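Source file: protein14.pdb. Holds: PDB, C-alpha atoms, pLDDT in the B column.
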```
MODEL        1
ATOM      1  CA  MET A   1     -14.756  35.616 -16.719  1.00 94.00           C
ATOM      2  CA  ILE A   2     -12.044  37.001 -14.492  1.00 94.00           C
ATOM      3  CA  PHE A   3     -10.838  35.291 -11.334  1.00 95.00           C
ATOM      4  CA  PRO A   4      -8.289  36.475  -8.769  1.00 93.00           C
ATOM      5  CA  LEU A   5      -5.385  34.137  -8.104  1.00 94.00           C
ATOM      6  CA  LEU A   6      -5.513  32.252  -4.822  1.00 89.00           C
ATOM      7  CA  ASP A   7      -2.798  33.190  -2.329  1.00 81.00           C
ATOM      8  CA  THR A   8      -1.334  29.920  -1.142  1.00 74.00           C
ATOM      9  CA  PRO A   9       0.771  30.268   1.998  1.00 67.00           C
ATOM     10  CA  LEU A  10       3.630  27.807   2.236  1.00 67.00           C
ATOM     11  CA  THR A  11       4.528  27.220   5.838  1.00 63.00           C
ATOM     12  CA  ASN A  12       7.403  25.625   7.667  1.00 64.00           C
ATOM     13  CA  ILE A  13       5.391  23.273   9.823  1.00 59.00           C
ATOM     14  CA  GLN A  14       8.223  22.658  12.222  1.00 64.00           C
ATOM     15  CA  THR A  15       8.393  26.326  13.137  1.00 69.00           C
ATOM     16  CA  ASN A  16       4.817  27.235  12.142  1.00 63.00           C
ATOM     17  CA  THR A  17       6.091  30.272  10.314  1.00 67.00           C
ATOM     18  CA  PRO A  18       5.033  31.315   6.809  1.00 64.00           C
ATOM     19  CA  ILE A  19       7.817  30.830   4.303  1.00 67.00           C
ATOM     20  CA  ARG A  20       6.329  32.554   1.308  1.00 68.00           C
ATOM     21  CA  ILE A  21       3.149  33.123  -0.631  1.00 72.00           C
ATOM     22  CA  ARG A  22       2.532  31.579  -4.024  1.00 78.00           C
ATOM     23  CA  PHE A  23      -0.272  32.832  -6.264  1.00 85.00           C
ATOM     24  CA  ARG A  24      -2.033  29.925  -7.918  1.00 89.00           C
ATOM     25  CA  PRO A  25      -4.752  29.855 -10.580  1.00 94.00           C
ATOM     26  CA  LEU A  26      -7.269  27.845  -8.544  1.00 93.00           C
ATOM     27  CA  ILE A  27     -10.943  28.094  -9.426  1.00 95.00           C
ATOM     28  CA  PRO A  28     -14.065  26.473  -8.005  1.00 95.00           C
ATOM     29  CA  LEU A  29     -15.153  23.895 -10.573  1.00 96.00           C
ATOM     30  CA  ARG A  30     -18.654  22.428 -10.353  1.00 95.00           C
ATOM     31  CA  VAL A  31     -19.042  18.874 -11.584  1.00 95.00           C
ATOM     32  CA  ALA A  32     -22.406  17.264 -12.260  1.00 94.00           C
ATOM     33  CA  GLY A  33     -22.535  13.514 -12.544  1.00 92.00           C
ATOM     34  CA  PRO A  34     -25.159  11.574 -14.486  1.00 90.00           C
ATOM     35  CA  ASN A  35     -26.928  10.782 -11.207  1.00 91.00           C
ATOM     36  CA  GLY A  36     -27.501  14.490 -10.634  1.00 88.00           C
ATOM     37  CA  ARG A  37     -25.025  14.845  -7.789  1.00 90.00           C
ATOM     38  CA  LEU A  38     -23.202  18.198  -7.808  1.00 92.00           C
ATOM     39  CA  ILE A  39     -19.758  18.628  -6.309  1.00 93.00           C
ATOM     40  CA  ASP A  40     -17.679  21.800  -6.243  1.00 95.00           C
ATOM     41  CA  LEU A  41     -13.914  21.305  -6.229  1.00 94.00           C
ATOM     42  CA  GLU A  42     -10.945  23.634  -6.195  1.00 95.00           C
ATOM     43  CA  ALA A  43      -9.286  22.997  -9.536  1.00 95.00           C
ATOM     44  CA  LEU A  44      -5.825  24.108 -10.563  1.00 94.00           C
ATOM     45  CA  VAL A  45      -5.884  25.678 -14.011  1.00 96.00           C
ATOM     46  CA  ASP A  46      -2.916  23.913 -15.569  1.00 93.00           C
ATOM     47  CA  THR A  47      -1.856  24.470 -19.158  1.00 93.00           C
ATOM     48  CA  GLY A  48       0.609  21.600 -18.704  1.00 91.00           C
ATOM     49  CA  ALA A  49      -2.144  19.084 -18.019  1.00 90.00           C
ATOM     50  CA  ASP A  50      -3.563  17.314 -21.059  1.00 91.00           C
ATOM     51  CA  GLU A  51      -6.917  16.565 -19.434  1.00 92.00           C
ATOM     52  CA  VAL A  52      -9.381  17.704 -16.838  1.00 95.00           C
ATOM     53  CA  LEU A  53      -8.684  15.358 -13.955  1.00 94.00           C
ATOM     54  CA  LEU A  54     -10.781  14.649 -10.894  1.00 94.00           C
ATOM     55  CA  PRO A  55     -10.101  12.389  -7.899  1.00 92.00           C
ATOM     56  CA  ASP A  56     -11.019   8.764  -8.573  1.00 91.00           C
ATOM     57  CA  THR A  57     -12.554   8.597  -5.089  1.00 92.00           C
ATOM     58  CA  LEU A  58     -15.463  10.563  -6.568  1.00 93.00           C
ATOM     59  CA  LEU A  59     -16.459   7.817  -9.013  1.00 93.00           C
ATOM     60  CA  PRO A  60     -19.052   6.269  -6.669  1.00 92.00           C
ATOM     61  CA  THR A  61     -20.307   9.730  -5.681  1.00 92.00           C
ATOM     62  CA  PHE A  62     -21.279  10.448  -9.266  1.00 93.00           C
ATOM     63  CA  GLY A  63     -22.779   6.991  -9.715  1.00 91.00           C
ATOM     64  CA  PHE A  64     -20.166   5.530 -12.016  1.00 92.00           C
ATOM     65  CA  ALA A  65     -19.905   1.754 -11.679  1.00 87.00           C
ATOM     66  CA  ALA A  66     -16.547   0.189 -10.912  1.00 80.00           C
ATOM     67  CA  GLY A  67     -14.890  -1.016 -14.082  1.00 81.00           C
ATOM     68  CA  SER A  68     -16.929   1.248 -16.340  1.00 85.00           C
ATOM     69  CA  GLY A  69     -15.584   4.023 -18.524  1.00 86.00           C
ATOM     70  CA  VAL A  70     -12.680   4.255 -20.933  1.00 85.00           C
ATOM     71  CA  THR A  71      -9.342   3.517 -19.293  1.00 86.00           C
ATOM     72  CA  LYS A  72      -5.985   4.878 -20.396  1.00 84.00           C
ATOM     73  CA  GLY A  73      -2.518   4.782 -18.944  1.00 80.00           C
ATOM     74  CA  THR A  74      -0.844   8.120 -18.587  1.00 72.00           C
ATOM     75  CA  SER A  75       2.198   9.656 -16.976  1.00 70.00           C
ATOM     76  CA  GLY A  76       2.910  12.758 -14.965  1.00 67.00           C
ATOM     77  CA  ILE A  77       4.957  13.969 -12.046  1.00 63.00           C
ATOM     78  CA  GLY A  78       5.244  11.063  -9.651  1.00 61.00           C
ATOM     79  CA  GLY A  79       5.067   8.380 -12.320  1.00 67.00           C
ATOM     80  CA  ARG A  80       2.466   6.570 -14.375  1.00 73.00           C
ATOM     81  CA  THR A  81      -1.092   5.820 -13.431  1.00 76.00           C
ATOM     82  CA  THR A  82      -4.389   4.688 -14.877  1.00 85.00           C
ATOM     83  CA  VAL A  83      -7.053   7.221 -15.714  1.00 91.00           C
ATOM     84  CA  VAL A  84     -10.676   6.310 -16.340  1.00 94.00           C
ATOM     85  CA  PHE A  85     -12.767   8.701 -18.409  1.00 95.00           C
ATOM     86  CA  HIS A  86     -16.432   9.503 -18.010  1.00 96.00           C
ATOM     87  CA  PRO A  87     -18.795  12.154 -19.392  1.00 95.00           C
ATOM     88  CA  VAL A  88     -19.933  14.819 -16.955  1.00 95.00           C
ATOM     89  CA  ARG A  89     -21.166  18.381 -16.961  1.00 96.00           C
ATOM     90  CA  LEU A  90     -18.779  21.092 -15.815  1.00 96.00           C
ATOM     91  CA  GLU A  91     -19.567  24.608 -14.732  1.00 95.00           C
ATOM     92  CA  ILE A  92     -17.518  27.626 -13.720  1.00 95.00           C
ATOM     93  CA  ARG A  93     -19.027  30.754 -12.221  1.00 93.00           C
ATOM     94  CA  ALA A  94     -17.198  34.044 -11.857  1.00 91.00           C
ATOM     95  CA  ASN A  95     -20.211  35.455 -10.050  1.00 87.00           C
ATOM     96  CA  SER A  96     -23.904  34.753  -9.788  1.00 81.00           C
ATOM     97  CA  ASN A  97     -24.613  36.341 -13.187  1.00 86.00           C
ATOM     98  CA  ASP A  98     -21.536  35.128 -15.088  1.00 90.00           C
ATOM     99  CA  ARG A  99     -21.490  31.369 -15.438  1.00 92.00           C
ATOM    100  CA  ILE A 100     -21.146  28.741 -18.095  1.00 94.00           C
ATOM    101  CA  ALA A 101     -21.788  24.998 -18.143  1.00 95.00           C
ATOM    102  CA  TRP A 102     -20.669  22.519 -20.755  1.00 96.00           C
ATOM    103  CA  HIS A 103     -20.409  18.820 -21.498  1.00 95.00           C
ATOM    104  CA  ALA A 104     -16.989  17.258 -21.115  1.00 96.00           C
ATOM    105  CA  THR A 105     -15.301  13.893 -20.842  1.00 96.00           C
ATOM    106  CA  VAL A 106     -12.988  14.045 -17.867  1.00 96.00           C
ATOM    107  CA  GLY A 107     -10.493  11.697 -16.309  1.00 94.00           C
ATOM    108  CA  PHE A 108     -10.635  10.255 -12.831  1.00 94.00           C
ATOM    109  CA  ALA A 109      -7.299   9.394 -11.273  1.00 90.00           C
ATOM    110  CA  GLN A 110      -5.394   9.266  -8.043  1.00 83.00           C
ATOM    111  CA  LEU A 111      -4.142  12.818  -7.640  1.00 75.00           C
ATOM    112  CA  SER A 112      -1.724  14.424  -5.239  1.00 68.00           C
ATOM    113  CA  LEU A 113      -1.267  18.027  -4.154  1.00 61.00           C
ATOM    114  CA  HIS A 114      -4.476  19.326  -5.730  1.00 71.00           C
ATOM    115  CA  VAL A 115      -8.067  18.180  -5.640  1.00 83.00           C
ATOM    116  CA  ALA A 116      -8.639  18.639  -9.370  1.00 93.00           C
ATOM    117  CA  MET A 117      -6.726  19.669 -12.465  1.00 93.00           C
ATOM    118  CA  PHE A 118      -8.311  21.874 -15.132  1.00 96.00           C
ATOM    119  CA  GLY A 119      -6.270  20.924 -18.160  1.00 95.00           C
ATOM    120  CA  ILE A 120      -6.676  21.128 -21.913  1.00 96.00           C
ATOM    121  CA  ALA A 121      -9.065  18.414 -23.141  1.00 95.00           C
ATOM    122  CA  GLY A 122     -12.562  19.077 -21.918  1.00 95.00           C
ATOM    123  CA  GLY A 123     -11.477  22.284 -20.219  1.00 97.00           C
ATOM    124  CA  LEU A 124      -9.054  24.883 -21.489  1.00 97.00           C
ATOM    125  CA  GLU A 125      -9.604  23.830 -25.102  1.00 97.00           C
ATOM    126  CA  PHE A 126     -12.891  25.742 -24.912  1.00 97.00           C
ATOM    127  CA  PHE A 127     -11.508  28.947 -23.426  1.00 97.00           C
ATOM    128  CA  HIS A 128      -9.313  31.856 -24.369  1.00 96.00           C
ATOM    129  CA  THR A 129      -7.083  31.863 -21.314  1.00 96.00           C
ATOM    130  CA  THR A 130      -5.058  34.714 -19.867  1.00 96.00           C
ATOM    131  CA  LEU A 131      -2.825  34.525 -16.826  1.00 95.00           C
ATOM    132  CA  ASN A 132      -1.606  37.804 -15.348  1.00 95.00           C
ATOM    133  CA  VAL A 133       0.453  36.949 -12.275  1.00 91.00           C
ATOM    134  CA  ILE A 134       1.550  40.567 -11.776  1.00 92.00           C
ATOM    135  CA  ASP A 135      -2.053  41.702 -11.386  1.00 94.00           C
ATOM    136  CA  ARG A 136      -3.001  38.315  -9.862  1.00 93.00           C
ATOM    137  CA  GLN A 137      -5.757  37.628 -12.362  1.00 94.00           C
ATOM    138  CA  LEU A 138      -6.857  34.652 -14.404  1.00 96.00           C
ATOM    139  CA  GLY A 139      -9.118  35.162 -17.390  1.00 96.00           C
ATOM    140  CA  LEU A 140     -11.271  32.417 -18.908  1.00 96.00           C
ATOM    141  CA  PHE A 141     -13.316  33.518 -21.922  1.00 96.00           C
ATOM    142  CA  PRO A 142     -15.519  30.835 -23.538  1.00 95.00           C
ATOM    143  CA  HIS A 143     -15.041  30.023 -27.197  1.00 95.00           C
ATOM    144  CA  PRO A 144     -18.111  29.503 -29.420  1.00 94.00           C
ATOM    145  CA  THR A 145     -17.152  25.836 -29.893  1.00 93.00           C
ATOM    146  CA  ILE A 146     -17.841  25.035 -26.251  1.00 94.00           C
ATOM    147  CA  PRO A 147     -20.513  22.281 -26.024  1.00 93.00           C
ATOM    148  CA  LEU A 148     -22.973  24.131 -23.813  1.00 92.00           C
ATOM    149  CA  ALA A 149     -25.015  22.306 -21.210  1.00 88.00           C
ATOM    150  CA  ALA A 150     -27.846  23.207 -18.900  1.00 84.00           C
ATOM    151  CA  PRO A 151     -26.759  25.019 -15.717  1.00 83.00           C
ATOM    152  CA  CYS A 152     -25.676  22.712 -12.912  1.00 78.00           C
ATOM    153  CA  VAL A 153     -28.378  23.457 -10.372  1.00 74.00           C
ATOM    154  CA  SER A 154     -28.737  21.530  -7.157  1.00 62.00           C
ATOM    155  CA  PRO A 155     -31.800  19.271  -7.249  1.00 50.00           C
ATOM    156  CA  HIS A 156     -32.020  19.533  -3.448  1.00 45.00           C
ATOM    157  CA  VAL A 157     -32.332  15.828  -2.903  1.00 44.00           C
ATOM    158  CA  ALA A 158     -30.451  13.665  -0.462  1.00 43.00           C
ATOM    159  CA  PHE A 159     -27.668  11.445  -1.712  1.00 44.00           C
ATOM    160  CA  SER A 160     -26.114   8.544   0.082  1.00 41.00           C
ATOM    161  CA  VAL A 161     -22.500   7.788  -0.679  1.00 38.00           C
ATOM    162  CA  PRO A 162     -22.089   4.037  -1.141  1.00 39.00           C
TER     163      PRO A 162
ATOM    164  CA  MET B   1     -21.895  31.027  -5.820  1.00 83.00           C
ATOM    165  CA  ASN B   2     -19.589  33.962  -6.544  1.00 90.00           C
ATOM    166  CA  ALA B   3     -16.107  32.610  -7.319  1.00 93.00           C
ATOM    167  CA  ASN B   4     -14.528  36.044  -7.083  1.00 93.00           C
ATOM    168  CA  GLU B   5     -15.933  36.538  -3.601  1.00 94.00           C
ATOM    169  CA  TYR B   6     -14.902  32.997  -2.651  1.00 95.00           C
ATOM    170  CA  ILE B   7     -11.289  33.474  -3.731  1.00 94.00           C
ATOM    171  CA  ARG B   8     -10.989  36.961  -2.236  1.00 93.00           C
ATOM    172  CA  ASN B   9     -12.246  35.706   1.119  1.00 94.00           C
ATOM    173  CA  ARG B  10     -10.009  32.636   0.909  1.00 93.00           C
ATOM    174  CA  ASN B  11      -7.068  34.966   0.437  1.00 90.00           C
ATOM    175  CA  ALA B  12      -8.014  36.738   3.674  1.00 91.00           C
ATOM    176  CA  VAL B  13      -8.085  33.559   5.773  1.00 90.00           C
ATOM    177  CA  PRO B  14      -5.265  33.595   8.350  1.00 86.00           C
ATOM    178  CA  THR B  15      -2.550  31.015   7.825  1.00 80.00           C
ATOM    179  CA  GLU B  16      -3.001  29.901  11.404  1.00 81.00           C
ATOM    180  CA  TYR B  17      -6.531  28.804  10.539  1.00 88.00           C
ATOM    181  CA  LEU B  18      -5.255  26.654   7.680  1.00 85.00           C
ATOM    182  CA  LEU B  19      -2.637  25.042   9.896  1.00 81.00           C
ATOM    183  CA  LEU B  20      -5.443  23.418  11.890  1.00 88.00           C
ATOM    184  CA  TYR B  21      -6.354  21.328   8.835  1.00 90.00           C
ATOM    185  CA  GLN B  22      -3.008  20.185   7.527  1.00 85.00           C
ATOM    186  CA  GLY B  23      -3.213  16.932   5.611  1.00 86.00           C
ATOM    187  CA  LYS B  24      -7.000  17.086   5.462  1.00 92.00           C
ATOM    188  CA  TYR B  25      -9.574  17.420   2.774  1.00 94.00           C
ATOM    189  CA  VAL B  26     -11.787  20.333   3.750  1.00 96.00           C
ATOM    190  CA  ALA B  27     -15.166  21.645   2.720  1.00 97.00           C
ATOM    191  CA  TRP B  28     -15.166  25.407   2.432  1.00 96.00           C
ATOM    192  CA  ALA B  29     -18.323  27.457   2.742  1.00 96.00           C
ATOM    193  CA  THR B  30     -19.113  28.986  -0.638  1.00 94.00           C
ATOM    194  CA  ASP B  31     -18.253  32.449   0.675  1.00 95.00           C
ATOM    195  CA  GLY B  32     -14.721  31.179   1.342  1.00 95.00           C
ATOM    196  CA  LYS B  33     -14.731  32.403   4.942  1.00 95.00           C
ATOM    197  CA  LYS B  34     -14.770  29.189   6.939  1.00 95.00           C
ATOM    198  CA  ILE B  35     -14.336  25.448   6.764  1.00 96.00           C
ATOM    199  CA  LEU B  36     -17.527  23.476   7.297  1.00 97.00           C
ATOM    200  CA  ALA B  37     -15.966  20.036   7.743  1.00 96.00           C
ATOM    201  CA  ASP B  38     -12.757  18.120   7.278  1.00 96.00           C
ATOM    202  CA  ALA B  39     -11.840  14.483   6.691  1.00 96.00           C
ATOM    203  CA  ASP B  40      -9.033  12.194   5.581  1.00 93.00           C
ATOM    204  CA  GLY B  41     -10.680  11.444   2.254  1.00 93.00           C
ATOM    205  CA  ILE B  42     -13.147  13.034  -0.129  1.00 94.00           C
ATOM    206  CA  PRO B  43     -15.931  10.438   0.260  1.00 92.00           C
ATOM    207  CA  GLU B  44     -15.674  10.783   4.031  1.00 95.00           C
ATOM    208  CA  LEU B  45     -15.798  14.563   3.702  1.00 95.00           C
ATOM    209  CA  ILE B  46     -18.922  14.443   1.561  1.00 94.00           C
ATOM    210  CA  ALA B  47     -20.528  12.031   4.008  1.00 94.00           C
ATOM    211  CA  ALA B  48     -19.727  14.392   6.882  1.00 95.00           C
ATOM    212  CA  ILE B  49     -21.362  17.302   5.070  1.00 94.00           C
ATOM    213  CA  ASP B  50     -24.398  15.232   4.170  1.00 92.00           C
ATOM    214  CA  ALA B  51     -24.740  14.163   7.801  1.00 94.00           C
ATOM    215  CA  GLN B  52     -24.270  17.581   9.382  1.00 94.00           C
ATOM    216  CA  TYR B  53     -25.870  20.057   7.003  1.00 94.00           C
ATOM    217  CA  PRO B  54     -29.238  20.396   5.270  1.00 92.00           C
ATOM    218  CA  VAL B  55     -29.827  18.834   1.857  1.00 85.00           C
ATOM    219  CA  GLY B  56     -28.585  21.129  -0.882  1.00 84.00           C
ATOM    220  CA  THR B  57     -25.839  22.748   1.190  1.00 90.00           C
ATOM    221  CA  GLU B  58     -23.151  23.905  -1.178  1.00 92.00           C
ATOM    222  CA  PHE B  59     -19.467  23.672  -0.376  1.00 95.00           C
ATOM    223  CA  VAL B  60     -16.124  23.645  -2.172  1.00 96.00           C
ATOM    224  CA  ILE B  61     -13.723  20.767  -1.659  1.00 95.00           C
ATOM    225  CA  SER B  62     -10.072  21.627  -1.164  1.00 94.00           C
ATOM    226  CA  TYR B  63      -6.986  20.046   0.357  1.00 91.00           C
ATOM    227  CA  VAL B  64      -4.616  21.560   2.895  1.00 87.00           C
ATOM    228  CA  PRO B  65      -1.122  20.142   2.355  1.00 79.00           C
ATOM    229  CA  ALA B  66       0.598  18.570   5.322  1.00 73.00           C
ATOM    230  CA  GLY B  67       4.130  18.957   6.581  1.00 58.00           C
ATOM    231  CA  PRO B  68       6.614  18.684   8.023  1.00 48.00           C
ATOM    232  CA  TYR B  69       8.621  20.694   5.555  1.00 43.00           C
ATOM    233  CA  GLU B  70      12.276  20.136   6.104  1.00 41.00           C
ATOM    234  CA  ASP B  71      13.117  21.657   2.741  1.00 42.00           C
ATOM    235  CA  GLN B  72      11.441  24.924   1.836  1.00 43.00           C
ATOM    236  CA  GLU B  73      11.227  23.873  -1.809  1.00 44.00           C
ATOM    237  CA  ARG B  74       9.255  20.658  -1.206  1.00 44.00           C
ATOM    238  CA  ASP B  75       5.893  22.278  -1.748  1.00 48.00           C
ATOM    239  CA  ALA B  76       6.775  23.865  -5.066  1.00 47.00           C
ATOM    240  CA  VAL B  77       4.518  22.607  -7.825  1.00 45.00           C
ATOM    241  CA  VAL B  78       5.986  22.101 -11.260  1.00 41.00           C
ATOM    242  CA  SER B  79       3.574  22.413 -14.152  1.00 39.00           C
ATOM    243  CA  GLY B  80       2.163  19.053 -15.107  1.00 40.00           C
ATOM    244  CA  THR B  81      -0.077  16.484 -13.574  1.00 41.00           C
ATOM    245  CA  PRO B  82       1.039  15.004 -10.281  1.00 43.00           C
ATOM    246  CA  PHE B  83      -0.170  11.456  -9.825  1.00 44.00           C
ATOM    247  CA  GLY B  84      -0.374   9.233  -6.839  1.00 42.00           C
ATOM    248  CA  PRO B  85       0.720   9.791  -3.264  1.00 41.00           C
ATOM    249  CA  GLY B  86       3.755  11.990  -3.075  1.00 40.00           C
ATOM    250  CA  ALA B  87       6.638  12.349  -0.683  1.00 37.00           C
ATOM    251  CA  ASN B  88       5.276  15.556   0.788  1.00 40.00           C
ATOM    252  CA  GLY B  89       2.762  13.954   3.073  1.00 39.00           C
ATOM    253  CA  THR B  90       0.148  14.139   0.335  1.00 41.00           C
ATOM    254  CA  PRO B  91      -3.012  12.142   0.637  1.00 43.00           C
ATOM    255  CA  PRO B  92      -3.140   8.383  -0.005  1.00 40.00           C
TER     256      PRO B  92
ENDMDL
END
```
Taking this structure as input, can you express it in the form of structure tokens?
Amino acid sequence: MIFPLLDTPLTNIQTNTPIRIRFRPLIPLRVAGPNGRLIDLEALVDTGADEVLLPDTLLPTFGFAAGSGVTKGTSGIGGRTTVVFHPVRLEIRANSNDRIAWHATVGFAQLSLHVAMFGIAGGLEFFHTTLNVIDRQLGLFPHPTIPLAAPCVSPHVAFSVP
Amino acid sequence: MNANEYIRNRNAVPTEYLLLYQGKYVAWATDGKKILADADGIPELIAAIDAQYPVGTEFVISYVPAGPYEDQERDAVVSGTPFGPGANGTPP
């Protein structure tokens, strides 16, 4: 699957003028919780991130009880924090006919700057990854070891966020 | 959803449009052409979508960084995993 890089304009807010454009490997990542809720997030493909990380504010949305899951301390830019891990289904879709879903254990943490991080464990470990900044393309090619899951299809039911 | 179409259309969105949503979590339409809703937090954003749009409406959650940028380098992202609220007006 090939994705274009996302042009991210960086703007001087005081003058409201664009400073520069940065091309970032951001992909829509679909997450399916055990309660069936589907959420699509923009995820930064980050080879420097050990895990797939999602915002911890989504824990109730996916039906995970407070205090549940495996908790680990970890460190990154900005300091140390606690990450709680839960099993979910993930899906990426280059187009309507080119999609793949798999089972993964992902971390939920307080994140800054990006909504989600698509790191190694549970994510990039299952893909041959190519990054061509010159041509502004990201390639993600599934490896046979990927633990396939059923497609993440919306059940078309109403959810109430607690 | 077609991610290639989404990203291509996102790339065509005028910067002025994004400036309207600085510091907000936003819900993009899956064609990447417009923002359906915005909020200060992700749960609030999801609740706004659930309240305003039919069941099963698909959207993509993103975040528009806030300023002010006194230093042009403040928004540079170094590879790694940023945790917690940052000094760049990032979300709580």
Requested in this report: Find the spatial neighbours of Phe126 of chain A, counting all atoms listed in the file, within a cut-off of 10 Å - ignore same-chain residues fewer than 2 positions away - and output them as a list in words.
Outcome: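 Residues near the query, excluding close chain neighbours: Trp102, Ile120, Ala121, Gly122, Gly123, Leu124, His128, Thr129, Leu140, Phe141, Pro142, His143, Pro144, Thr145, Ile146 and Pro147 of chain A.
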Report task. Would you work out the distance separating atom CA of Met1 of chain A from atom CA of Arg99 of chain A, expressed in Å to one decimal? Result -> 8.1 Å
Report task. Excluding segment 48-51 of chain B and residues on its chain fewer than 4 positions from it, collect all residues at most 7 Å away from it, counting all atoms listed in the file, and give them as a ChimeraX atom specification. Result -> /B:37,44,55
Tell me which residues the PyMOL selection byres ((chain A and resi 138) around 8) grabs here, as a short mmCIF file (atom, residue, chain, number, x, y, z; two decimals) with C-alpha atoms, in the frame of the given file.
```cif
data_model
loop_
_atom_site.label_atom_id
_atom_site.label_comp_id
_atom_site.auth_asym_id
_atom_site.auth_seq_id
_atom_site.Cartn_x
_atom_site.Cartn_y
_atom_site.Cartn_z
CA ILE A 2 -12.04 37.00 -14.49
CA PHE A 3 -10.84 35.29 -11.33
CA PRO A 4 -8.29 36.48 -8.77
CA LEU A 5 -5.38 34.14 -8.10
CA PRO A 25 -4.75 29.86 -10.58
CA THR A 129 -7.08 31.86 -21.31
CA THR A 130 -5.06 34.71 -19.87
CA LEU A 131 -2.82 34.52 -16.83
CA ASN A 132 -1.61 37.80 -15.35
CA VAL A 133 0.45 36.95 -12.28
CA ARG A 136 -3.00 38.32 -9.86
CA GLN A 137 -5.76 37.63 -12.36
CA GLY A 139 -9.12 35.16 -17.39
CA LEU A 140 -11.27 32.42 -18.91
#
```
Report task. For atom CA of Phe118 of chain A and atom CA of Glu58 of chain B, determine how far apart the two atoms are, in Å to one decimal place. Result -> 20.5 Å
Requested in this report: Rank A:Val45, A:Val84, A:Val115, A:Ala150 by their smallest atom-to-atom distance to chain B, using only C-alpha atoms, and report the top residue only.
Outcome: A:Val115
Query raised in the report: For chain B, which of A:Gln110, A:Glu51, A:Arg24, A:Thr74 is the closest residue, counting only C-alpha atoms?
Result: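 For chain B, the nearest of the candidates is A:Gln110.
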Query raised in the report: Which value, in Å to one decimal, gives the distance between atom CA of Ile92 of chain A and atom CA of Gly36 of chain A?
Result: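 For atom CA of Ile92 of chain A relative to atom CA of Gly36 of chain A, the distance reads 16.8 Å.
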